[in-house]
Amino acid sequence: MYFSRYTLDFSALPVYSKKEFNTDLEFSKESFELNFLGKSYAKMITGLDTETVIEPDLGHNNKEENINSENIYISGDNIDALKHLVKAYEGKIKCIYIDPPYNTGKDGFGYNDTFKFSKETLANKLDIDMIEAERILDMTSNNSSSHSAWLTFMYPRLYLAKQLLSEYGAIFISIDDNEVYNLKQLCDQIFGEENFVSQITWQCLDTIKNDAKYFSDNDEYILCYAKNKEKLRIKGIKKTEKQKAYYKNYDNDPRGDYLLTPLHAKSGVENSIYTYVFKNGQRWTPIEGTYPRFSKDTLSKLEEDNRIYLDPEGINVPQKKTFWSEVGDRMPSTTFWGYEEYGSTRQSNKEISELLGKGIFKNSKPTKLIKNIIDLICEENDIIVDFFSGSASTADAIIQLNSVDKLNLKYIMVQLQEETNKNEEAYKNGYKTIDEIGQDRIKKASEKIKKETHADIDYGFKHYTLKNTSDNILSKLESFEPQLMNESYDLYKEYGVETILETWKLKDGYEFTTNIEKVDCNGYNTYKCGECLYLIEPNINIKNIEALIEKYNKDEKFTCNKIVLFGYSFKFNELEMIKNNIKQVKNFKNIDVKVYTRY
């Protein structure tokens with residue numbers, strides 16, 4: 001009997017190995033893919049709309065230094081923040097930097113989301129059996145720190161982050177050995193393997209761990225993925241005097257110092273190999289296993305222009321000169337970032353200690369590191385997002401960059417109101433939550449930078465808090481019946497007009513910085529944002545509607561093509577009155593105004 005050399009003879013395997021194989025495997029359906037418990041759940045969570053509202057911090061936002069600021073700080077769960085942001089900032093963010101939990105077992109990560117699904121509901125939604133549904137619910141509600149829990153946590157956040165990036169943008173993610181392999185596979189799936197740019201090694205420690213059991217782990221990683229690698233432009237790093245030290249002038253060339261590079265390369269075509277004889281009689285042939293970097297004709301031209309260094313003693317092989325003066329303002333970045341140029345964890349701890357006090361926040365990223373990341377790809381007026389803001393190192397770094405380069409970079413920071421430990425310095429110094437630390441750091445860093453540089457830049461920020469719908473509001477929503485509504489039913493006050501406006505503004509695609517204008521309609525306040533007009537307050541009458549129609553008729557600049565009504569504030573007959581009368585606008589202005597009711 002004939003056997004192919006690839007035939008599996010299971011009878012020849014040890015007993016324990018037989019259990020590893022299934023003779024019914026269908027190899028034609030195999031493919032490379034990252035699978036983990038909770039992946040289908042993570043995809044479902046990604047598609048669910050947020051149930052939070054955006055509450056502006058009016059006292060903070062109306063201060064002189066903040067009222068015109070284009071910087072944003074959001075206190076709340078980043079998955080909810082991202083769902084709000086993607087509606088208004090999709091395709092607009094140039095750079096995202098995040099420093100997520102590393103899931104080391106010591107960083108406090110534990111997945112415990114707020115979604116409340118029954119086992120039966122989840123099994124039905126995901127088309128899975130009850131056992132898997134129970135495993136997922138156990139993982140997502142009991143502070144699990146497994147690899148699957150971490151991936152389930154990261155998946156929706158990275159997927160939404162991708163939607164925010166512009167075609168020319170990139171995301172940079174700090175991570176260590178514990179999850180770097182899983183993160184790389186997850187990013188390959190979300191951003192596309194073809195959009196992987198680099199895995200950078202950052203020397204985060206500038207000392208040796210003397211108590212290390214095996215090796216002193218002095219490095220972490222930064223994964224970089226582009227939205228579209230073909231369109232990504234990496235500017236490189238600015239030239240420094242330290243780099244210049246590697247450039248020498250061995251033969252008093254009038255063009256100045258230069259760097260020597262080999263004439264051979266590791267790759268090439270076999271028949272391209274040749275021997276070249278220089279004018280001084282020195283012969284050159286690529287060393288075995290390499291190929292010429294230049295054609296024979298090009299090498300001749302380089303020699304004519306004195307761009308080949310020839311050792312007078314004939315000992316060292318000929319090499320090409322690359323002049324410092326011709327390199328330009330920037331040089332390609334390497335994939336190894338040392339602590340001297342990019343900062344260390346110890347240096348970042350010192351930064352925070354000097355601003356806020358010793359021990360307030362530990363092991364954040366140094367501003368040196370983040371400034372270098374942002375400087376690689378960002379141009380004037382770009383927006384940078386950090387949705388694991390922590391101590392707000394990213395915001396601090398951006399203020400520093402703006403004070404020097406005047407680029408008017410803008411930031412959006414997001415940080416969960418995670419409670420500080422009552423036994424630690426942060427709590428003892430009055431910081432009850434991590435987002436309080438971040439906000440205070442921005443304020444104090446701004447004061448320091450302004451005092452040192454006197455730069456005329458945006459030092460402020462607008463603050464918003466994501467609020468869950470309260471039980472009080474939920475009970476009113478559940479019992480609400482438009483036909484029974486009376487004038488005393490003022491549900492809009494439960495939220496506040498400003499909160500409804502900020503939430504709706506982003507929902508309709510307008511950025512935080514888009515102004516909202518109050519429009520008086522014969523004593524009834526409406527609110528204009530771009531091409532949208534919001535009607536929120538109750539007690540509207542026909543005279544108010546007539547005043548609104550008159551506004552359309554006489555004001556050429558008043559071109560709102562969308563009216564949104566806060567349904568809880570209007571009786572059924574009022575809703576019909578608004579919709580029927582607003583149709584008149586089309587008779588005298590070529591606008592087909594759409595009216596929407598939101599509950």
# chains A, B, ... in the order shown; residues from 1 in each chain; ligands from 1
>>> select_by_dssp(residues="segment 127-369 of chain A", states="strand (DSSP E or B)", output="PyMOL selection string")
chain A and resi 144+165-175+196-203+219-226+237-238+248+258-261+264-265+276-277+283-284+291-292+308-309+319-323+330-331+336-337
>>> residues_around(residues="Gln415 of chain A", least_positions_apart="5", cutoff="10 Å", atoms="only C-alpha atoms", output="list in words")
Tyr73, Ile74, Ser75, Gly76, Asp77, Asn78, Ala81, Asp386, Phe387, Phe388, Ser389, Gly390, Ser391, Ala392, Thr433, Ile434, Asp435, Glu436, Gly438, Gln439 and Thr465 of chain A
>>> write_last_selection(atoms="all heavy atoms", output="short mmCIF file (atom, residue, chain, number, x, y, z; two decimals), in the first residue's frame")
data_model
loop_
_atom_site.label_atom_id
_atom_site.label_comp_id
_atom_site.auth_asym_id
_atom_site.auth_seq_id
_atom_site.Cartn_x
_atom_site.Cartn_y
_atom_site.Cartn_z
N TYR A 73 -11.07 68.03 27.78
CA TYR A 73 -10.80 66.99 28.78
C TYR A 73 -12.14 66.37 29.16
O TYR A 73 -13.07 67.06 29.59
CB TYR A 73 -10.12 67.57 30.02
CG TYR A 73 -9.58 66.52 30.96
CD1 TYR A 73 -8.23 66.20 30.99
CD2 TYR A 73 -10.43 65.81 31.81
CE1 TYR A 73 -7.73 65.21 31.83
CE2 TYR A 73 -9.95 64.82 32.65
CZ TYR A 73 -8.60 64.53 32.66
OH TYR A 73 -8.12 63.54 33.49
N ILE A 74 -12.24 65.04 29.01
CA ILE A 74 -13.48 64.31 29.29
C ILE A 74 -13.26 63.36 30.46
O ILE A 74 -12.36 62.51 30.42
CB ILE A 74 -13.96 63.52 28.06
CG1 ILE A 74 -14.20 64.45 26.87
CG2 ILE A 74 -15.23 62.74 28.39
CD1 ILE A 74 -14.49 63.73 25.57
N SER A 75 -14.09 63.49 31.49
CA SER A 75 -14.07 62.56 32.62
C SER A 75 -15.15 61.51 32.37
O SER A 75 -16.33 61.85 32.28
CB SER A 75 -14.35 63.29 33.93
OG SER A 75 -13.34 64.24 34.22
N GLY A 76 -14.74 60.25 32.26
CA GLY A 76 -15.70 59.20 32.02
C GLY A 76 -15.06 57.98 31.38
O GLY A 76 -13.86 57.98 31.06
N ASP A 77 -15.86 56.94 31.20
CA ASP A 77 -15.38 55.71 30.57
C ASP A 77 -15.02 55.98 29.12
O ASP A 77 -15.82 56.55 28.37
CB ASP A 77 -16.48 54.64 30.66
CG ASP A 77 -15.97 53.25 30.34
OD1 ASP A 77 -15.05 53.12 29.51
OD2 ASP A 77 -16.50 52.28 30.90
N ASN A 78 -13.82 55.54 28.72
CA ASN A 78 -13.37 55.89 27.36
C ASN A 78 -14.18 55.24 26.25
O ASN A 78 -14.24 55.77 25.14
CB ASN A 78 -11.87 55.64 27.18
CG ASN A 78 -11.45 54.24 27.55
OD1 ASN A 78 -12.26 53.31 27.60
ND2 ASN A 78 -10.15 54.06 27.81
N ALA A 81 -16.90 57.67 25.74
CA ALA A 81 -16.34 58.89 25.14
C ALA A 81 -16.06 58.69 23.66
O ALA A 81 -16.37 59.55 22.83
CB ALA A 81 -15.06 59.28 25.88
N ASP A 386 -5.84 61.13 23.43
CA ASP A 386 -5.32 60.14 24.38
C ASP A 386 -6.50 59.72 25.25
O ASP A 386 -6.95 60.50 26.10
CB ASP A 386 -4.20 60.73 25.23
CG ASP A 386 -3.60 59.72 26.21
OD1 ASP A 386 -4.19 58.64 26.39
OD2 ASP A 386 -2.55 60.04 26.82
N PHE A 387 -7.01 58.50 25.05
CA PHE A 387 -8.19 58.08 25.81
C PHE A 387 -7.85 57.17 26.99
O PHE A 387 -8.74 56.57 27.59
CB PHE A 387 -9.27 57.48 24.91
CG PHE A 387 -8.83 56.36 24.00
CD1 PHE A 387 -8.84 55.05 24.43
CD2 PHE A 387 -8.44 56.63 22.70
CE1 PHE A 387 -8.46 54.02 23.59
CE2 PHE A 387 -8.06 55.62 21.83
CZ PHE A 387 -8.07 54.30 22.28
N PHE A 388 -6.57 57.08 27.32
CA PHE A 388 -6.12 56.53 28.61
C PHE A 388 -5.22 57.59 29.23
O PHE A 388 -4.04 57.38 29.48
CB PHE A 388 -5.34 55.22 28.42
CG PHE A 388 -6.18 54.03 28.08
CD1 PHE A 388 -6.33 53.61 26.76
CD2 PHE A 388 -6.83 53.29 29.06
CE1 PHE A 388 -7.09 52.50 26.42
CE2 PHE A 388 -7.60 52.18 28.75
CZ PHE A 388 -7.74 51.78 27.43
N SER A 389 -5.78 58.75 29.51
CA SER A 389 -4.98 59.94 29.78
C SER A 389 -4.15 59.87 31.05
O SER A 389 -3.08 60.47 31.12
CB SER A 389 -5.90 61.16 29.83
OG SER A 389 -5.17 62.32 30.13
N GLY A 390 -4.63 59.17 32.08
CA GLY A 390 -3.85 59.04 33.31
C GLY A 390 -3.53 60.39 33.92
O GLY A 390 -4.41 61.19 34.23
N SER A 391 -2.25 60.68 34.09
CA SER A 391 -1.82 61.94 34.69
C SER A 391 -1.76 63.08 33.69
O SER A 391 -1.30 64.17 34.02
CB SER A 391 -0.45 61.76 35.35
OG SER A 391 0.55 61.59 34.35
N ALA A 392 -2.21 62.84 32.46
CA ALA A 392 -2.25 63.86 31.40
C ALA A 392 -0.86 64.26 30.89
O ALA A 392 -0.62 65.40 30.53
CB ALA A 392 -3.02 65.10 31.85
N THR A 433 -10.05 61.24 42.66
CA THR A 433 -10.09 60.42 41.45
C THR A 433 -8.91 60.75 40.54
O THR A 433 -8.33 61.84 40.64
CB THR A 433 -11.40 60.64 40.66
OG1 THR A 433 -11.55 62.04 40.37
CG2 THR A 433 -12.61 60.15 41.45
N ILE A 434 -8.58 59.82 39.64
CA ILE A 434 -7.43 60.00 38.74
C ILE A 434 -7.64 61.19 37.81
O ILE A 434 -6.69 61.93 37.51
CB ILE A 434 -7.18 58.72 37.90
CG1 ILE A 434 -6.90 57.52 38.82
CG2 ILE A 434 -6.02 58.92 36.93
CD1 ILE A 434 -5.67 57.63 39.67
N ASP A 435 -8.86 61.41 37.33
CA ASP A 435 -9.09 62.53 36.41
C ASP A 435 -8.83 63.87 37.09
O ASP A 435 -8.47 64.85 36.43
CB ASP A 435 -10.50 62.48 35.81
CG ASP A 435 -11.59 62.60 36.85
OD1 ASP A 435 -11.56 61.84 37.83
OD2 ASP A 435 -12.48 63.46 36.68
N GLU A 436 -9.01 63.95 38.40
CA GLU A 436 -8.68 65.18 39.12
C GLU A 436 -7.18 65.45 39.06
O GLU A 436 -6.74 66.60 38.94
CB GLU A 436 -9.14 65.08 40.58
CG GLU A 436 -10.65 65.09 40.75
CD GLU A 436 -11.06 64.96 42.20
OE1 GLU A 436 -10.18 64.97 43.10
OE2 GLU A 436 -12.27 64.84 42.47
N GLY A 438 -5.17 64.47 36.60
CA GLY A 438 -4.87 64.90 35.24
C GLY A 438 -5.21 66.35 34.99
O GLY A 438 -4.41 67.10 34.41
N GLN A 439 -6.37 66.78 35.44
CA GLN A 439 -6.78 68.17 35.23
C GLN A 439 -5.86 69.14 35.97
O GLN A 439 -5.48 70.19 35.42
CB GLN A 439 -8.22 68.36 35.70
CG GLN A 439 -9.25 67.64 34.84
CD GLN A 439 -10.64 67.76 35.41
OE1 GLN A 439 -11.21 68.85 35.44
NE2 GLN A 439 -11.18 66.64 35.87
N THR A 465 -18.10 65.95 31.63
CA THR A 465 -18.25 64.68 32.35
C THR A 465 -19.33 63.85 31.70
O THR A 465 -20.41 64.36 31.36
CB THR A 465 -18.61 64.94 33.83
OG1 THR A 465 -17.59 65.74 34.44
CG2 THR A 465 -18.73 63.62 34.59
#
>>> closest_residue(among="A:Thr152, A:Thr114, A:Ser364, A:Asn561", to="Lys43 of chain A", atoms="only C-alpha atoms")
A:Thr152
>>> atom_distance(atom1="atom CA of Ile457 of chain A", atom2="atom CA of Ile442 of chain A")
13.8 Å
>>> select_by_dssp(residues="segment 235-293 of chain A", states="alpha helix (DSSP H)", output="ChimeraX atom specification")
/A:241-244
>>> write_last_selection(atoms="all heavy atoms", output="short mmCIF file (atom, residue, chain, number, x, y, z; two decimals), in the first residue's frame")
data_model
loop_
_atom_site.label_atom_id
_atom_site.label_comp_id
_atom_site.auth_asym_id
_atom_site.auth_seq_id
_atom_site.Cartn_x
_atom_site.Cartn_y
_atom_site.Cartn_z
N GLU A 241 22.90 67.83 18.26
CA GLU A 241 24.35 67.92 18.34
C GLU A 241 24.97 66.56 18.66
O GLU A 241 26.08 66.25 18.23
CB GLU A 241 24.76 68.95 19.39
CG GLU A 241 24.52 70.39 18.96
CD GLU A 241 25.28 70.73 17.68
OE1 GLU A 241 26.49 70.43 17.60
OE2 GLU A 241 24.66 71.31 16.77
N LYS A 242 24.23 65.72 19.40
CA LYS A 242 24.74 64.39 19.72
C LYS A 242 24.90 63.56 18.46
O LYS A 242 25.88 62.82 18.30
CB LYS A 242 23.80 63.69 20.70
CG LYS A 242 24.31 62.33 21.15
CD LYS A 242 23.39 61.69 22.16
CE LYS A 242 23.92 60.31 22.56
NZ LYS A 242 23.04 59.65 23.55
N GLN A 243 23.92 63.67 17.55
CA GLN A 243 24.01 62.95 16.28
C GLN A 243 25.16 63.49 15.43
O GLN A 243 25.85 62.74 14.75
CB GLN A 243 22.69 63.07 15.52
CG GLN A 243 21.54 62.33 16.19
CD GLN A 243 20.20 62.82 15.70
OE1 GLN A 243 20.09 63.88 15.11
NE2 GLN A 243 19.16 62.05 15.99
N LYS A 244 25.37 64.79 15.52
CA LYS A 244 26.44 65.40 14.72
C LYS A 244 27.82 64.87 15.12
O LYS A 244 28.75 64.85 14.29
CB LYS A 244 26.41 66.92 14.90
CG LYS A 244 27.34 67.65 13.96
CD LYS A 244 27.26 69.16 14.13
CE LYS A 244 28.22 69.85 13.18
NZ LYS A 244 28.18 71.32 13.34
#
>>> closest_residue(among="A:Lys551, A:Ile399, A:Glu326, A:Pro56", to="Lys444 of chain A", atoms="only C-alpha atoms")
A:Ile399
>>> closest_atom_pairs(of="segment 396-501 of chain A", to="segment 63-70 of chain A", cutoff="10 Å", atoms="only C-alpha atoms", output="Markdown table")
| residue | atom | partner | partner_atom | distance |
| --- | --- | --- | --- | --- |
| A:Asn408 | CA | A:Glu70 | CA | 9.5 |
| A:Leu409 | CA | A:Glu70 | CA | 9.3 |
| A:Lys410 | CA | A:Glu70 | CA | 6.4 |
| A:Tyr411 | CA | A:Glu70 | CA | 7.9 |
| A:Ile412 | CA | A:Glu70 | CA | 9.0 |
| A:Ile457 | CA | A:Ser69 | CA | 9.7 |
| A:Asp458 | CA | A:Ser69 | CA | 6.2 |
| A:Tyr459 | CA | A:Glu65 | CA | 7.0 |
| A:Gly460 | CA | A:Asn66 | CA | 4.6 |
| A:Phe461 | CA | A:Asn66 | CA | 5.3 |
| A:Lys462 | CA | A:Asn66 | CA | 6.0 |
| A:His463 | CA | A:Asn66 | CA | 9.0 |
>>> write_last_selection(atoms="N, CA, C and O atoms", output="PDB file, in the first residue's frame")
ATOM      1  N   ASN A 408      -0.087  75.209  17.335  1.00  0.00           N
ATOM      2  CA  ASN A 408      -1.507  75.212  17.702  1.00  0.00           C
ATOM      3  C   ASN A 408      -2.102  73.808  17.649  1.00  0.00           C
ATOM      4  O   ASN A 408      -3.213  73.595  17.151  1.00  0.00           O
ATOM      5  N   LEU A 409      -1.339  72.852  18.152  1.00  0.00           N
ATOM      6  CA  LEU A 409      -1.870  71.491  18.268  1.00  0.00           C
ATOM      7  C   LEU A 409      -2.958  71.476  19.331  1.00  0.00           C
ATOM      8  O   LEU A 409      -2.880  72.194  20.333  1.00  0.00           O
ATOM      9  N   LYS A 410      -3.978  70.655  19.127  1.00  0.00           N
ATOM     10  CA  LYS A 410      -5.099  70.583  20.070  1.00  0.00           C
ATOM     11  C   LYS A 410      -5.241  69.159  20.596  1.00  0.00           C
ATOM     12  O   LYS A 410      -4.937  68.211  19.882  1.00  0.00           O
ATOM     13  N   TYR A 411      -5.718  69.039  21.819  1.00  0.00           N
ATOM     14  CA  TYR A 411      -5.828  67.710  22.408  1.00  0.00           C
ATOM     15  C   TYR A 411      -7.244  67.410  22.882  1.00  0.00           C
ATOM     16  O   TYR A 411      -8.025  68.301  23.206  1.00  0.00           O
ATOM     17  N   ILE A 412      -7.542  66.091  22.905  1.00  0.00           N
ATOM     18  CA  ILE A 412      -8.736  65.559  23.558  1.00  0.00           C
ATOM     19  C   ILE A 412      -8.269  64.460  24.497  1.00  0.00           C
ATOM     20  O   ILE A 412      -7.754  63.434  24.051  1.00  0.00           O
ATOM     21  N   ILE A 457      -0.121  81.124  23.707  1.00  0.00           N
ATOM     22  CA  ILE A 457      -0.767  79.919  23.170  1.00  0.00           C
ATOM     23  C   ILE A 457      -2.006  79.593  24.006  1.00  0.00           C
ATOM     24  O   ILE A 457      -2.297  80.267  24.997  1.00  0.00           O
ATOM     25  N   ASP A 458      -2.717  78.569  23.610  1.00  0.00           N
ATOM     26  CA  ASP A 458      -3.907  78.106  24.320  1.00  0.00           C
ATOM     27  C   ASP A 458      -3.481  77.245  25.512  1.00  0.00           C
ATOM     28  O   ASP A 458      -3.069  76.102  25.341  1.00  0.00           O
ATOM     29  N   TYR A 459      -3.593  77.800  26.725  1.00  0.00           N
ATOM     30  CA  TYR A 459      -3.214  77.072  27.930  1.00  0.00           C
ATOM     31  C   TYR A 459      -4.409  76.405  28.612  1.00  0.00           C
ATOM     32  O   TYR A 459      -4.244  75.627  29.549  1.00  0.00           O
ATOM     33  N   GLY A 460      -5.616  76.736  28.169  1.00  0.00           N
ATOM     34  CA  GLY A 460      -6.805  76.252  28.849  1.00  0.00           C
ATOM     35  C   GLY A 460      -7.349  74.956  28.286  1.00  0.00           C
ATOM     36  O   GLY A 460      -6.769  74.352  27.381  1.00  0.00           O
ATOM     37  N   PHE A 461      -8.485  74.522  28.829  1.00  0.00           N
ATOM     38  CA  PHE A 461      -9.199  73.353  28.297  1.00  0.00           C
ATOM     39  C   PHE A 461     -10.648  73.406  28.759  1.00  0.00           C
ATOM     40  O   PHE A 461     -10.971  73.961  29.814  1.00  0.00           O
ATOM     41  N   LYS A 462     -11.522  72.836  27.947  1.00  0.00           N
ATOM     42  CA  LYS A 462     -12.929  72.674  28.322  1.00  0.00           C
ATOM     43  C   LYS A 462     -13.086  71.303  28.972  1.00  0.00           C
ATOM     44  O   LYS A 462     -12.548  70.319  28.484  1.00  0.00           O
ATOM     45  N   HIS A 463     -13.870  71.268  30.053  1.00  0.00           N
ATOM     46  CA  HIS A 463     -14.060  70.012  30.785  1.00  0.00           C
ATOM     47  C   HIS A 463     -15.495  69.530  30.674  1.00  0.00           C
ATOM     48  O   HIS A 463     -16.441  70.319  30.815  1.00  0.00           O
TER      49      HIS A 463
END
>>> atom_distance(atom1="atom CA of Phe109 of chain A", atom2="atom CA of Thr46 of chain A")
19.9 Å
>>> closest_residue(among="A:Thr394, A:Thr453, A:Asn363, A:Thr207", to="Asn71 of chain A", atoms="only C-alpha atoms")
A:Thr394
>>> atom_distance(atom1="atom CA of Ser353 of chain A", atom2="atom CA of Cys204 of chain A")
17.8 Å
>>> residues_around(residues="Tyr274 of chain A", least_positions_apart="4", cutoff="9 Å", atoms="only C-alpha atoms", output="list in words")
Trp284, Thr285, Pro286, Tyr291, Pro292, Ser295 and Lys296 of chain A
>>> residues_around(residues="Ser174 of chain A", least_positions_apart="2", cutoff="7 Å", atoms="only C-alpha atoms", output="PDB file with N, CA and C atoms, in the first residue's frame")
ATOM      1  N   ILE A  98      -1.899  56.156  23.235  1.00  0.00           N
ATOM      2  CA  ILE A  98      -2.514  55.596  24.434  1.00  0.00           C
ATOM      3  C   ILE A  98      -1.510  54.744  25.207  1.00  0.00           C
ATOM      4  N   ASP A  99      -1.693  54.756  26.501  1.00  0.00           N
ATOM      5  CA  ASP A  99      -0.893  53.956  27.422  1.00  0.00           C
ATOM      6  C   ASP A  99      -1.873  53.122  28.245  1.00  0.00           C
ATOM      7  N   PHE A 172      -0.293  55.244  18.205  1.00  0.00           N
ATOM      8  CA  PHE A 172       0.892  54.740  18.902  1.00  0.00           C
ATOM      9  C   PHE A 172       0.415  54.175  20.239  1.00  0.00           C
ATOM     10  N   TYR A 221       7.541  48.638  24.747  1.00  0.00           N
ATOM     11  CA  TYR A 221       7.356  48.755  23.298  1.00  0.00           C
ATOM     12  C   TYR A 221       6.297  49.796  22.972  1.00  0.00           C
ATOM     13  N   ILE A 222       6.386  50.312  21.780  1.00  0.00           N
ATOM     14  CA  ILE A 222       5.364  51.204  21.241  1.00  0.00           C
ATOM     15  C   ILE A 222       5.005  50.683  19.857  1.00  0.00           C
ATOM     16  N   LEU A 223       3.773  50.208  19.704  1.00  0.00           N
ATOM     17  CA  LEU A 223       3.295  49.758  18.396  1.00  0.00           C
ATOM     18  C   LEU A 223       2.715  50.934  17.641  1.00  0.00           C
TER      19      LEU A 223
END
>>> closest_atom_pairs(of="segment 169-257 of chain A", to="segment 328-351 of chain A", cutoff="8 Å", atoms="only C-alpha atoms", output="CSV")
residue,atom,partner,partner_atom,distance
A:Ser198,CA,A:Thr335,CA,7.4
A:Gln199,CA,A:Thr335,CA,6.9
A:Ile200,CA,A:Thr335,CA,4.6
A:Thr201,CA,A:Phe336,CA,4.9
A:Trp202,CA,A:Trp337,CA,4.7
A:Gln203,CA,A:Gly338,CA,5.0
A:Cys204,CA,A:Ser344,CA,4.6
A:Leu205,CA,A:Ser344,CA,5.5
A:Asp206,CA,A:Ser344,CA,6.4
A:Lys235,CA,A:Arg330,CA,7.1
A:Gly236,CA,A:Pro332,CA,4.5
A:Ile237,CA,A:Arg330,CA,5.2
A:Lys238,CA,A:Arg330,CA,4.4
A:Lys239,CA,A:Arg330,CA,5.3
>>> residues_around(residues="Tyr534 of chain A", least_positions_apart="3", cutoff="10 Å", atoms="only C-alpha atoms", output="MDAnalysis selection string")
chainID A and resid 500:501 504:505 516 518:519 525:529 537 560 562:566 595:596
>>> residues_around(residues="Gly47 of chain A", least_positions_apart="4", cutoff="12 Å", atoms="only C-alpha atoms", output="ChimeraX atom specification")
/A:40-43,79-80,82-83,86,155-157,159-160
>>> residues_around(residues="Cys187 of chain A", least_positions_apart="6", cutoff="8 Å", atoms="only C-alpha atoms", output="PyMOL selection string")
chain A and resi 158+193+225
>>> write_last_selection(atoms="N, CA, C and O atoms", output="PDB file, in the first residue's frame")
ATOM      1  N   LEU A 158     -10.110  50.037  20.395  1.00  0.00           N
ATOM      2  CA  LEU A 158      -9.228  50.187  19.236  1.00  0.00           C
ATOM      3  C   LEU A 158     -10.026  50.300  17.942  1.00  0.00           C
ATOM      4  O   LEU A 158      -9.649  51.044  17.025  1.00  0.00           O
ATOM      5  N   GLU A 193      -2.975  44.267   8.665  1.00  0.00           N
ATOM      6  CA  GLU A 193      -1.551  43.942   8.761  1.00  0.00           C
ATOM      7  C   GLU A 193      -0.708  44.829   7.851  1.00  0.00           C
ATOM      8  O   GLU A 193       0.432  45.166   8.165  1.00  0.00           O
ATOM      9  N   TYR A 225       0.548  51.917  14.177  1.00  0.00           N
ATOM     10  CA  TYR A 225      -0.274  51.517  13.028  1.00  0.00           C
ATOM     11  C   TYR A 225      -0.846  52.761  12.367  1.00  0.00           C
ATOM     12  O   TYR A 225      -1.265  53.700  13.049  1.00  0.00           O
TER      13      TYR A 225
END
